[in-house]
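Structure data (mmCIF, N, CA and C atoms and all ligand atoms) from protein36.cif:
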```
data_protein
#
loop_
_atom_site.label_atom_id
_atom_site.label_comp_id
_atom_site.auth_asym_id
_atom_site.auth_seq_id
_atom_site.Cartn_x
_atom_site.Cartn_y
_atom_site.Cartn_z
N MET A 1 -7.07 0.35 -33.40
CA MET A 1 -7.02 0.89 -32.04
C MET A 1 -5.65 0.59 -31.42
N SER A 2 -5.03 1.59 -30.87
CA SER A 2 -3.69 1.37 -30.30
C SER A 2 -3.79 0.92 -28.84
N ALA A 3 -2.80 0.15 -28.43
CA ALA A 3 -2.76 -0.35 -27.06
C ALA A 3 -2.52 0.81 -26.10
N PRO A 4 -3.11 0.75 -24.89
CA PRO A 4 -2.86 1.83 -23.92
C PRO A 4 -1.39 1.89 -23.55
N ALA A 5 -0.90 3.10 -23.33
CA ALA A 5 0.51 3.28 -22.98
C ALA A 5 0.80 2.62 -21.64
N LYS A 6 1.89 1.91 -21.57
CA LYS A 6 2.29 1.28 -20.32
C LYS A 6 3.00 2.30 -19.46
N GLN A 7 2.73 2.27 -18.16
CA GLN A 7 3.45 3.17 -17.27
C GLN A 7 4.71 2.47 -16.79
N LYS A 8 5.83 3.11 -17.04
CA LYS A 8 7.09 2.49 -16.63
C LYS A 8 7.30 2.65 -15.14
N LYS A 9 7.92 1.65 -14.55
CA LYS A 9 8.27 1.71 -13.13
C LYS A 9 9.35 2.77 -12.96
N LYS A 10 9.16 3.66 -12.01
CA LYS A 10 10.16 4.71 -11.78
C LYS A 10 11.09 4.28 -10.66
N ARG A 11 12.32 4.73 -10.74
CA ARG A 11 13.28 4.42 -9.68
C ARG A 11 12.85 5.13 -8.39
N GLY A 12 13.04 4.45 -7.29
CA GLY A 12 12.80 5.08 -5.99
C GLY A 12 11.33 5.21 -5.62
N GLU A 13 10.47 4.46 -6.28
CA GLU A 13 9.05 4.53 -5.93
C GLU A 13 8.70 3.48 -4.89
N LYS A 14 7.72 3.80 -4.09
CA LYS A 14 7.18 2.85 -3.11
C LYS A 14 5.67 2.87 -3.20
N ALA A 15 5.07 1.75 -2.84
CA ALA A 15 3.60 1.71 -2.82
C ALA A 15 3.10 2.25 -1.49
N TRP A 16 1.94 2.89 -1.54
CA TRP A 16 1.35 3.50 -0.36
C TRP A 16 -0.15 3.25 -0.40
N ILE A 17 -0.73 2.78 0.67
CA ILE A 17 -2.16 2.49 0.68
C ILE A 17 -2.93 3.65 1.29
N GLU A 18 -3.89 4.15 0.54
CA GLU A 18 -4.79 5.17 1.09
C GLU A 18 -5.84 4.39 1.89
N THR A 19 -5.55 4.21 3.15
CA THR A 19 -6.28 3.24 3.96
C THR A 19 -7.77 3.54 4.11
N GLU A 20 -8.12 4.81 3.95
CA GLU A 20 -9.55 5.13 4.10
C GLU A 20 -10.40 4.47 3.02
N PHE A 21 -9.76 4.08 1.89
CA PHE A 21 -10.51 3.45 0.79
C PHE A 21 -10.28 1.95 0.70
N CYS A 22 -9.42 1.40 1.54
CA CYS A 22 -9.07 -0.02 1.46
C CYS A 22 -10.23 -0.88 1.98
N SER A 23 -10.57 -1.91 1.19
CA SER A 23 -11.66 -2.81 1.58
C SER A 23 -11.18 -3.99 2.40
N GLY A 24 -9.85 -4.15 2.48
CA GLY A 24 -9.31 -5.31 3.19
C GLY A 24 -9.46 -6.61 2.42
N CYS A 25 -9.56 -6.52 1.09
CA CYS A 25 -9.79 -7.72 0.27
C CYS A 25 -8.56 -8.64 0.21
N GLU A 26 -7.40 -8.09 0.51
CA GLU A 26 -6.13 -8.84 0.58
C GLU A 26 -5.57 -9.25 -0.78
N ALA A 27 -6.13 -8.72 -1.88
CA ALA A 27 -5.57 -9.04 -3.21
C ALA A 27 -4.12 -8.59 -3.31
N CYS A 28 -3.80 -7.48 -2.67
CA CYS A 28 -2.43 -6.97 -2.73
C CYS A 28 -1.47 -7.90 -1.98
N ILE A 29 -1.95 -8.48 -0.90
CA ILE A 29 -1.11 -9.39 -0.12
C ILE A 29 -0.76 -10.61 -0.96
N ASP A 30 -1.76 -11.13 -1.65
CA ASP A 30 -1.55 -12.34 -2.43
C ASP A 30 -0.53 -12.15 -3.54
N ILE A 31 -0.45 -10.93 -4.09
CA ILE A 31 0.41 -10.74 -5.26
C ILE A 31 1.79 -10.19 -4.91
N CYS A 32 1.96 -9.65 -3.74
CA CYS A 32 3.24 -9.01 -3.41
C CYS A 32 4.37 -10.04 -3.38
N PRO A 33 5.40 -9.87 -4.21
CA PRO A 33 6.47 -10.87 -4.29
C PRO A 33 7.41 -10.87 -3.09
N VAL A 34 7.37 -9.82 -2.29
CA VAL A 34 8.29 -9.79 -1.15
C VAL A 34 7.56 -9.83 0.21
N ASP A 35 6.28 -10.13 0.15
CA ASP A 35 5.48 -10.29 1.38
C ASP A 35 5.62 -9.11 2.34
N CYS A 36 5.52 -7.90 1.79
CA CYS A 36 5.66 -6.74 2.68
C CYS A 36 4.33 -6.06 2.97
N ILE A 37 3.22 -6.75 2.66
CA ILE A 37 1.90 -6.20 2.97
C ILE A 37 1.22 -7.11 3.99
N ALA A 38 0.59 -6.50 4.95
CA ALA A 38 -0.11 -7.28 5.98
C ALA A 38 -1.49 -6.70 6.20
N VAL A 39 -2.38 -7.55 6.68
CA VAL A 39 -3.73 -7.07 6.99
C VAL A 39 -3.83 -6.87 8.50
N THR A 40 -4.55 -5.85 8.87
CA THR A 40 -4.73 -5.57 10.28
C THR A 40 -6.18 -5.13 10.52
N THR A 41 -6.53 -4.93 11.76
CA THR A 41 -7.90 -4.55 12.10
C THR A 41 -7.97 -3.05 12.36
N ARG A 42 -8.98 -2.45 11.82
CA ARG A 42 -9.16 -1.02 12.07
C ARG A 42 -9.56 -0.78 13.51
N GLU A 43 -9.35 0.45 13.93
CA GLU A 43 -9.83 0.83 15.26
C GLU A 43 -11.33 0.62 15.30
N PRO A 44 -11.86 0.05 16.37
CA PRO A 44 -13.31 -0.21 16.43
C PRO A 44 -14.16 1.03 16.21
N SER A 45 -13.61 2.18 16.55
CA SER A 45 -14.40 3.40 16.42
C SER A 45 -14.37 4.00 15.01
N ALA A 46 -13.52 3.41 14.12
CA ALA A 46 -13.38 4.00 12.79
C ALA A 46 -14.69 3.83 11.99
N PRO A 47 -15.10 4.88 11.28
CA PRO A 47 -16.39 4.83 10.57
C PRO A 47 -16.28 4.17 9.20
N PHE A 48 -15.83 2.90 9.14
CA PHE A 48 -15.67 2.21 7.86
C PHE A 48 -16.56 0.99 7.83
N TYR A 49 -16.89 0.57 6.61
CA TYR A 49 -17.78 -0.59 6.47
C TYR A 49 -17.05 -1.90 6.66
N ASN A 50 -15.73 -1.87 6.58
CA ASN A 50 -14.97 -3.11 6.73
C ASN A 50 -13.99 -2.94 7.88
N ASP A 51 -13.87 -3.95 8.70
CA ASP A 51 -12.99 -3.78 9.86
C ASP A 51 -11.55 -4.19 9.55
N LYS A 52 -11.28 -4.57 8.28
CA LYS A 52 -9.91 -4.93 7.92
C LYS A 52 -9.29 -3.85 7.04
N VAL A 53 -7.99 -3.72 7.15
CA VAL A 53 -7.27 -2.77 6.31
C VAL A 53 -5.85 -3.29 6.11
N CYS A 54 -5.29 -3.04 4.94
CA CYS A 54 -3.92 -3.51 4.68
C CYS A 54 -2.92 -2.38 4.88
N ILE A 55 -1.75 -2.77 5.30
CA ILE A 55 -0.67 -1.80 5.47
C ILE A 55 0.59 -2.36 4.80
N ILE A 56 1.44 -1.46 4.33
CA ILE A 56 2.66 -1.86 3.63
C ILE A 56 3.87 -1.53 4.49
N GLU A 57 4.76 -2.48 4.60
CA GLU A 57 6.03 -2.22 5.27
C GLU A 57 6.94 -1.60 4.19
N VAL A 58 6.89 -0.29 4.11
CA VAL A 58 7.46 0.38 2.95
C VAL A 58 8.98 0.22 2.83
N GLU A 59 9.63 -0.03 3.92
CA GLU A 59 11.09 -0.21 3.84
C GLU A 59 11.44 -1.39 2.93
N ARG A 60 10.55 -2.40 2.89
CA ARG A 60 10.84 -3.61 2.11
C ARG A 60 10.22 -3.58 0.71
N CYS A 61 9.40 -2.60 0.44
CA CYS A 61 8.73 -2.52 -0.86
C CYS A 61 9.75 -2.24 -1.96
N THR A 62 9.67 -3.01 -3.06
CA THR A 62 10.60 -2.83 -4.17
C THR A 62 10.03 -1.90 -5.24
N GLY A 63 8.79 -1.48 -5.06
CA GLY A 63 8.17 -0.60 -6.05
C GLY A 63 7.79 -1.33 -7.34
N CYS A 64 7.52 -2.62 -7.26
CA CYS A 64 7.24 -3.40 -8.47
C CYS A 64 5.89 -3.07 -9.10
N ARG A 65 5.02 -2.43 -8.35
CA ARG A 65 3.71 -1.98 -8.84
C ARG A 65 2.65 -3.08 -8.98
N LEU A 66 2.96 -4.30 -8.62
CA LEU A 66 1.97 -5.37 -8.80
C LEU A 66 0.72 -5.11 -7.96
N CYS A 67 0.91 -4.66 -6.73
CA CYS A 67 -0.26 -4.37 -5.88
C CYS A 67 -1.07 -3.22 -6.45
N TRP A 68 -0.39 -2.23 -6.95
CA TRP A 68 -1.03 -1.06 -7.57
C TRP A 68 -1.91 -1.50 -8.74
N GLU A 69 -1.40 -2.47 -9.52
CA GLU A 69 -2.16 -2.94 -10.67
C GLU A 69 -3.37 -3.77 -10.26
N VAL A 70 -3.24 -4.53 -9.18
CA VAL A 70 -4.29 -5.49 -8.83
C VAL A 70 -5.38 -4.90 -7.93
N CYS A 71 -5.12 -3.82 -7.26
CA CYS A 71 -6.08 -3.31 -6.27
C CYS A 71 -7.43 -2.94 -6.92
N PRO A 72 -8.50 -3.60 -6.54
CA PRO A 72 -9.80 -3.34 -7.17
C PRO A 72 -10.41 -2.00 -6.77
N TRP A 73 -9.88 -1.40 -5.73
CA TRP A 73 -10.43 -0.12 -5.26
C TRP A 73 -9.53 1.07 -5.59
N ASP A 74 -8.46 0.81 -6.34
CA ASP A 74 -7.53 1.89 -6.71
C ASP A 74 -7.09 2.71 -5.51
N CYS A 75 -6.85 2.03 -4.42
CA CYS A 75 -6.45 2.80 -3.24
C CYS A 75 -4.97 2.66 -2.94
N ILE A 76 -4.22 2.10 -3.90
CA ILE A 76 -2.77 2.07 -3.75
C ILE A 76 -2.18 3.09 -4.71
N VAL A 77 -1.32 3.92 -4.19
CA VAL A 77 -0.64 4.92 -5.02
C VAL A 77 0.85 4.67 -4.95
N MET A 78 1.52 5.03 -6.03
CA MET A 78 2.98 4.90 -6.06
C MET A 78 3.55 6.28 -5.73
N VAL A 79 4.43 6.30 -4.76
CA VAL A 79 4.91 7.56 -4.21
C VAL A 79 6.44 7.57 -4.25
N ASP A 80 7.00 8.75 -4.48
CA ASP A 80 8.46 8.87 -4.45
C ASP A 80 8.98 8.50 -3.07
N GLN A 81 10.07 7.77 -3.06
CA GLN A 81 10.66 7.33 -1.80
C GLN A 81 10.93 8.52 -0.86
N GLU A 82 11.40 9.62 -1.44
CA GLU A 82 11.72 10.79 -0.59
C GLU A 82 10.47 11.31 0.12
N GLU A 83 9.36 11.29 -0.62
CA GLU A 83 8.10 11.76 -0.04
C GLU A 83 7.71 10.88 1.15
N ILE A 84 7.87 9.57 0.97
CA ILE A 84 7.51 8.63 2.04
C ILE A 84 8.42 8.83 3.25
N GLU A 85 9.70 9.04 2.99
CA GLU A 85 10.63 9.20 4.11
C GLU A 85 10.27 10.41 4.97
N GLU A 86 9.64 11.40 4.33
CA GLU A 86 9.23 12.59 5.08
C GLU A 86 8.06 12.29 6.02
N VAL A 87 7.10 11.48 5.53
CA VAL A 87 5.88 11.27 6.33
C VAL A 87 5.95 10.02 7.21
N LEU A 88 6.88 9.11 6.91
CA LEU A 88 6.90 7.83 7.61
C LEU A 88 7.05 7.96 9.13
N PRO A 89 7.95 8.80 9.62
CA PRO A 89 8.07 8.90 11.08
C PRO A 89 6.77 9.32 11.74
N LEU A 90 6.04 10.20 11.08
CA LEU A 90 4.76 10.67 11.62
C LEU A 90 3.74 9.53 11.63
N VAL A 91 3.69 8.78 10.52
CA VAL A 91 2.72 7.67 10.43
C VAL A 91 3.04 6.62 11.49
N LYS A 92 4.32 6.32 11.65
CA LYS A 92 4.70 5.30 12.64
C LYS A 92 4.35 5.77 14.05
N ALA A 93 4.56 7.03 14.30
CA ALA A 93 4.26 7.55 15.63
C ALA A 93 2.77 7.45 15.92
N GLN A 94 1.96 7.69 14.88
CA GLN A 94 0.50 7.65 15.07
C GLN A 94 -0.01 6.23 15.23
N SER A 95 0.63 5.27 14.50
CA SER A 95 0.11 3.91 14.49
C SER A 95 0.77 3.00 15.50
N GLY A 96 1.88 3.48 16.07
CA GLY A 96 2.61 2.64 16.99
C GLY A 96 3.46 1.60 16.29
N HIS A 97 3.59 1.73 14.93
CA HIS A 97 4.34 0.77 14.13
C HIS A 97 5.84 0.95 14.38
N THR A 98 6.54 -0.15 14.47
CA THR A 98 8.00 -0.07 14.55
C THR A 98 8.62 -1.02 13.55
N SER A 99 9.74 -0.67 13.00
CA SER A 99 10.41 -1.52 12.02
C SER A 99 10.96 -2.75 12.69
N PRO A 100 11.04 -3.87 11.93
CA PRO A 100 11.60 -5.09 12.53
C PRO A 100 13.08 -4.91 12.81
S1 LIG B 1 4.94 -2.39 -5.07
FE1 LIG B 1 5.46 -4.59 -5.19
S2 LIG B 1 6.87 -4.91 -3.46
FE2 LIG B 1 5.81 -2.96 -3.09
S3 LIG B 1 4.07 -3.50 -1.80
FE3 LIG B 1 3.36 -3.51 -3.93
S4 LIG B 1 3.57 -5.65 -4.62
FE4 LIG B 1 4.80 -5.42 -2.74
S1 LIG B 2 -5.95 -4.75 -2.91
FE1 LIG B 2 -6.52 -2.64 -2.36
S2 LIG B 2 -8.55 -2.79 -1.39
FE2 LIG B 2 -7.64 -4.85 -1.42
S3 LIG B 2 -6.61 -5.01 0.59
FE3 LIG B 2 -5.07 -4.30 -0.88
S4 LIG B 2 -5.11 -2.06 -0.71
FE4 LIG B 2 -6.98 -2.84 0.24
#
```

Now, as a test, write the supplied structure out as structure tokens.
Ligand code: SF4
Ligand code: SF4
Amino acid sequence: MSAPAKQKKKRGEKAWIETEFCSGCEACIDICPVDCIAVTTREPSAPFYNDKVCIIEVERCTGCRLCWEVCPWDCIVMVDQEEIEEVLPLVKAQSGHTSP
């Protein structure tokens, strides 16, 4: 039996959390080598079973994929940096997030 093919890290990738599926388990926070993931509280009105959700400060993400590998809910996706740059202003505007 041959070993499964390893996925190589691509240049310019960033991690992105599909927050609707995040359980807030914080496994990604524990493993991130640059501490760019934080846990926050969902809006009280959100129809989710868990009131916690993680968010990534994508500007600081190195694309190492460790969070992607460890997430038990497969809700982290690796996205091209250009794609993120297109949607980031919109996401920040919606969440009230501002860069440090
Ligand atoms: S890809 Fe690496 S640096 Fe980026 S959020 Fe995940 S663990 Fe942190
Ligand atoms: S590891 Fe996955 S499910 Fe757990 S907090 Fe991070 S993104 Fe959410």

Check the smallest atom-to-atom distance from each of A:Arg65, A:Lys14, A:Lys52, A:Arg60 to ligand LIG 2 (chain B) using only C-alpha atoms and all ligand atoms, then report the winner.
->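 Closest residue, counting only C-alpha atoms and all ligand atoms: A:Lys52.
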
Report the closest atom pair, with its distance in Å rounded to one decimal, for each residue of chain A that has an atom no farther than 7 Å from ligand LIG 2 (chain B); count all atoms listed in the file, sort by chain and then rising residue number, and write it as a Markdown table.
```
| residue | atom | partner | partner_atom | distance |
| --- | --- | --- | --- | --- |
| A:Ile17 | CA | B:LIG2 | S4 | 5.6 |
| A:Glu18 | N | B:LIG2 | S4 | 6.5 |
| A:Phe21 | C | B:LIG2 | S2 | 5.5 |
| A:Cys22 | CA | B:LIG2 | FE4 | 3.7 |
| A:Ser23 | N | B:LIG2 | S2 | 3.4 |
| A:Gly24 | C | B:LIG2 | S3 | 3.7 |
| A:Cys25 | N | B:LIG2 | S3 | 3.4 |
| A:Glu26 | N | B:LIG2 | S3 | 3.2 |
| A:Ala27 | N | B:LIG2 | S1 | 4.1 |
| A:Cys28 | N | B:LIG2 | S1 | 3.5 |
| A:Ile29 | N | B:LIG2 | FE3 | 5.2 |
| A:Val53 | C | B:LIG2 | S3 | 5.8 |
| A:Cys54 | N | B:LIG2 | S3 | 5.0 |
| A:Ile55 | N | B:LIG2 | S4 | 6.9 |
| A:Cys67 | C | B:LIG2 | S1 | 6.2 |
| A:Val70 | C | B:LIG2 | S1 | 5.1 |
| A:Cys71 | CA | B:LIG2 | S1 | 3.7 |
| A:Pro72 | N | B:LIG2 | S1 | 4.6 |
| A:Trp73 | N | B:LIG2 | S2 | 4.7 |
| A:Asp74 | N | B:LIG2 | FE1 | 5.6 |
| A:Cys75 | N | B:LIG2 | FE1 | 5.1 |
| A:Ile76 | N | B:LIG2 | S4 | 5.3 |
```

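Interatomic distance, atom CA of A:Cys32 against atom CA of A:Glu86: 24.0 Å.
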
Within 6 Å of ligand LIG 1 (chain B), counting only C-alpha atoms and all ligand atoms: which residues, as a list in words?
->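 The distance check yields Lys14, Ala15, Cys32, Pro33, Val34, Cys36, Ile37, Ile56, Cys61, Thr62, Gly63, Cys64, Arg65, Leu66 and Cys67 of chain A.
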
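Counting only N, CA and C atoms, the residue from A:Gly12, A:Ala38, A:Val87, A:Pro44 that sits nearest to A:Glu57 is A:Ala38.
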
Once DSSP has gone over the backbone, tell me which residues of stretch 46-76 of chain A are in helix (DSSP H, G or I), as a ChimeraX atom specification.
-> /A:58-60,66-70

Go through A:Asp35, A:Asp80, A:Glu59, A:Glu69 one by one, measure the shortest atom-to-atom distance of each to A:Arg11 using only C-alpha atoms, and give the residue with the smallest value.
->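 Selected residue with least distance to A:Arg11: A:Asp80.
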
Atom pair atom CA of A:Glu43 / atom CA of A:Glu82: separation (Å) |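 Separating atom CA of A:Glu43 from atom CA of A:Glu82 is a distance of 28.5 Å.
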